[in-house]
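Text of the file input20.pdb, holding PDB, C-alpha atoms:
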```pdb
MODEL        1
ATOM      1  CA  MET A   1      71.400 -45.833   7.028
ATOM      2  CA  ILE A   2      70.491 -43.524   4.170
ATOM      3  CA  ILE A   3      71.079 -46.345   1.686
ATOM      4  CA  ILE A   4      68.793 -48.624   3.676
ATOM      5  CA  LEU A   5      66.092 -45.944   3.681
ATOM      6  CA  LEU A   6      66.449 -45.465  -0.059
ATOM      7  CA  PHE A   7      65.660 -49.166  -0.375
ATOM      8  CA  LEU A   8      62.922 -49.445   2.285
ATOM      9  CA  ILE A   9      60.728 -46.457   1.445
ATOM     10  CA  PRO A  10      60.063 -47.425  -2.199
ATOM     11  CA  LEU A  11      59.345 -50.982  -1.017
ATOM     12  CA  ALA A  12      56.916 -49.617   1.568
ATOM     13  CA  VAL A  13      55.118 -47.611  -1.124
ATOM     14  CA  MET A  14      54.930 -50.637  -3.420
ATOM     15  CA  PHE A  15      53.571 -52.871  -0.650
ATOM     16  CA  SER A  16      51.062 -50.187   0.413
ATOM     17  CA  MET A  17      49.617 -50.312  -3.090
ATOM     18  CA  GLY A  18      48.980 -54.051  -2.588
ATOM     19  CA  LYS A  19      51.755 -55.273  -4.850
ATOM     20  CA  GLY A  20      54.932 -57.301  -4.289
ATOM     21  CA  ALA A  21      53.684 -60.334  -2.362
ATOM     22  CA  MET A  22      56.453 -62.384  -3.968
ATOM     23  CA  LEU A  23      58.950 -60.407  -1.844
ATOM     24  CA  ILE A  24      57.385 -61.357   1.491
ATOM     25  CA  ALA A  25      59.484 -64.045   3.154
ATOM     26  CA  GLY A  26      57.400 -66.997   4.207
ATOM     27  CA  TYR A  27      54.511 -66.137   1.934
ATOM     28  CA  ASN A  28      56.431 -66.787  -1.259
ATOM     29  CA  THR A  29      57.606 -70.183   0.001
ATOM     30  CA  MET A  30      54.094 -71.414   0.800
ATOM     31  CA  SER A  31      52.275 -73.767  -1.505
ATOM     32  CA  LYS A  32      49.574 -72.248  -3.725
ATOM     33  CA  ASP A  33      46.897 -73.815  -1.503
ATOM     34  CA  GLN A  34      48.346 -72.115   1.570
ATOM     35  CA  GLN A  35      48.747 -68.804  -0.266
ATOM     36  CA  ASN A  36      45.091 -68.926  -1.295
ATOM     37  CA  GLN A  37      44.156 -68.827   2.392
ATOM     38  CA  TYR A  38      45.582 -65.292   2.723
ATOM     39  CA  ASP A  39      44.256 -62.011   1.374
ATOM     40  CA  GLU A  40      47.288 -60.995  -0.664
ATOM     41  CA  LYS A  41      46.360 -57.310  -0.916
ATOM     42  CA  LYS A  42      45.814 -56.943   2.854
ATOM     43  CA  LEU A  43      49.041 -58.805   3.529
ATOM     44  CA  CYS A  44      50.987 -56.468   1.247
ATOM     45  CA  GLN A  45      49.378 -53.387   2.756
ATOM     46  CA  GLY A  46      50.231 -54.598   6.247
ATOM     47  CA  MET A  47      53.813 -55.158   5.181
ATOM     48  CA  GLY A  48      53.887 -51.647   3.703
ATOM     49  CA  LYS A  49      52.760 -50.180   7.037
ATOM     50  CA  PHE A  50      55.422 -52.175   8.811
ATOM     51  CA  LEU A  51      58.145 -50.920   6.462
ATOM     52  CA  PHE A  52      57.031 -47.310   7.024
ATOM     53  CA  VAL A  53      57.321 -47.901  10.790
ATOM     54  CA  VAL A  54      60.788 -49.412  10.396
ATOM     55  CA  SER A  55      61.815 -46.485   8.178
ATOM     56  CA  ALA A  56      60.682 -44.012  10.853
ATOM     57  CA  GLU A  57      62.573 -45.990  13.477
ATOM     58  CA  ILE A  58      65.733 -45.915  11.352
ATOM     59  CA  ILE A  59      65.411 -42.147  10.909
ATOM     60  CA  ALA A  60      65.011 -41.793  14.689
ATOM     61  CA  LEU A  61      68.027 -44.036  15.215
ATOM     62  CA  TYR A  62      70.093 -41.908  12.837
ATOM     63  CA  LEU A  63      69.097 -38.739  14.689
ATOM     64  CA  VAL A  64      69.842 -40.252  18.096
ATOM     65  CA  ILE A  65      73.251 -41.542  17.000
ATOM     66  CA  ASN A  66      74.271 -38.209  15.489
ATOM     67  CA  PHE A  67      72.597 -35.724  17.826
ATOM     68  CA  GLY A  68      71.476 -37.527  20.964
ATOM     69  CA  ARG A  69      72.625 -39.573  23.867
ATOM     70  CA  GLU A  70      74.586 -42.777  23.441
ATOM     71  CA  TRP A  71      72.048 -44.933  25.326
ATOM     72  CA  GLY A  72      69.241 -43.750  23.033
ATOM     73  CA  ALA A  73      70.674 -45.758  20.159
ATOM     74  CA  TYR A  74      70.493 -48.943  22.217
ATOM     75  CA  VAL A  75      66.893 -48.261  23.176
ATOM     76  CA  LEU A  76      65.863 -47.579  19.583
ATOM     77  CA  PHE A  77      67.696 -50.666  18.361
ATOM     78  CA  ALA A  78      65.746 -52.737  20.901
ATOM     79  CA  VAL A  79      62.467 -51.133  19.770
ATOM     80  CA  ILE A  80      63.232 -51.961  16.132
ATOM     81  CA  PHE A  81      64.128 -55.552  17.027
ATOM     82  CA  ILE A  82      61.034 -56.108  19.187
ATOM     83  CA  SER A  83      58.650 -54.472  16.703
ATOM     84  CA  THR A  84      60.032 -56.623  13.881
ATOM     85  CA  ILE A  85      59.546 -59.862  15.776
ATOM     86  CA  GLY A  86      56.158 -58.772  17.094
ATOM     87  CA  PHE A  87      54.852 -57.718  13.714
ATOM     88  CA  ASN A  88      56.000 -60.890  11.989
ATOM     89  CA  SER A  89      54.410 -63.007  14.686
ATOM     90  CA  TYR A  90      51.192 -61.021  14.375
ATOM     91  CA  MET A  91      51.095 -61.328  10.587
ATOM     92  CA  PHE A  92      51.451 -65.075  10.387
ATOM     93  CA  ARG A  93      49.931 -66.217  13.675
ATOM     94  CA  THR A  94      46.606 -64.366  13.579
ATOM     95  CA  ARG A  95      43.695 -64.367  11.197
ATOM     96  CA  ALA A  96      44.108 -60.676  10.336
ATOM     97  CA  TYR A  97      45.256 -61.460   6.814
ATOM     98  CA  LYS A  98      43.290 -64.634   6.202
ATOM     99  CA  LYS A  99      40.434 -64.697   3.713
TER     100      LYS A  99
ENDMDL
END
```
Is it possible to give me this structure as structure tokens?
Amino acid sequence: MIIILLFLIPLAVMFSMGKGAMLIAGYNTMSKDQQNQYDEKKLCQGMGKFLFVVSAEIIALYLVINFGREWGAYVLFAVIFISTIGFNSYMFRTRAYKK
């Protein structure tokens, strides 16, 4: 989990600065015309926020696994899974990141 965090947190910082759109799955496979419909900086910043949330969830999961109840890990895993699907749906199904 520590290795994952060492990868996610720098990515979150990079995305929060509005850079790294080429690393966003789905966005980088769109045609240039489709990409021009999105505000790239807002999209990156939204992805950065999401990665900070996932990082916090992974830290909580680590603490629950090592110091908490066994069922807490299952609950946190479900929260991570649901927030990931929900955020991705929100990003590409709404107009929040459209120009």
>> Could you list, as a PyMOL selection string, every residue matched by the PyMOL selection byres ((chain A and resi 27-41) around 12) in this structure?
In response: chain A and resi 14-26+42-48+88+91-99
>> Under the rule that all atoms listed in the file are counted, which of A:Tyr62, A:Ile2, A:Tyr90, A:Ala12 is the nearest residue to A:Phe50?
In response: A:Ala12
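One distance worth recording is that between atom CA of A:Ile82 and atom CA of A:Val54, which is 11.1 Å.
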Could you state which residues are captured by the PyMOL selection byres ((chain A and resi 56) around 12) in this file, as an mmCIF file with C-alpha atoms, in the frame of the given file?
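Okay, this is what ended up in selection.cif:
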```
data_model
loop_
_atom_site.group_PDB
_atom_site.id
_atom_site.type_symbol
_atom_site.label_atom_id
_atom_site.label_comp_id
_atom_site.auth_asym_id
_atom_site.auth_seq_id
_atom_site.Cartn_x
_atom_site.Cartn_y
_atom_site.Cartn_z
ATOM 1 C CA MET A 1 71.400 -45.833 7.028
ATOM 2 C CA ILE A 2 70.491 -43.524 4.170
ATOM 3 C CA ILE A 4 68.793 -48.624 3.676
ATOM 4 C CA LEU A 5 66.092 -45.944 3.681
ATOM 5 C CA LEU A 8 62.922 -49.445 2.285
ATOM 6 C CA ILE A 9 60.728 -46.457 1.445
ATOM 7 C CA ALA A 12 56.916 -49.617 1.568
ATOM 8 C CA LYS A 49 52.760 -50.180 7.037
ATOM 9 C CA PHE A 50 55.422 -52.175 8.811
ATOM 10 C CA LEU A 51 58.145 -50.920 6.462
ATOM 11 C CA PHE A 52 57.031 -47.310 7.024
ATOM 12 C CA VAL A 53 57.321 -47.901 10.790
ATOM 13 C CA VAL A 54 60.788 -49.412 10.396
ATOM 14 C CA SER A 55 61.815 -46.485 8.178
ATOM 15 C CA GLU A 57 62.573 -45.990 13.477
ATOM 16 C CA ILE A 58 65.733 -45.915 11.352
ATOM 17 C CA ILE A 59 65.411 -42.147 10.909
ATOM 18 C CA ALA A 60 65.011 -41.793 14.689
ATOM 19 C CA LEU A 61 68.027 -44.036 15.215
ATOM 20 C CA TYR A 62 70.093 -41.908 12.837
ATOM 21 C CA LEU A 63 69.097 -38.739 14.689
ATOM 22 C CA LEU A 76 65.863 -47.579 19.583
ATOM 23 C CA VAL A 79 62.467 -51.133 19.770
ATOM 24 C CA ILE A 80 63.232 -51.961 16.132
#
```
Any chance you could work out the axis-aligned box around stretch 80-83 of chain A, listed atoms only, 4 Å on each side, giving centre and edge lengths in Å to one decimal, as JSON?
```
{"center_x": 61.4, "center_y": -54.0, "center_z": 17.7, "size_x": 13.5, "size_y": 12.1, "size_z": 11.1}
```
> What does the distance from atom CA of A:Gly68 to atom CA of A:Leu11 come to in Å, to one decimal?
Replying inline: 28.5 Å
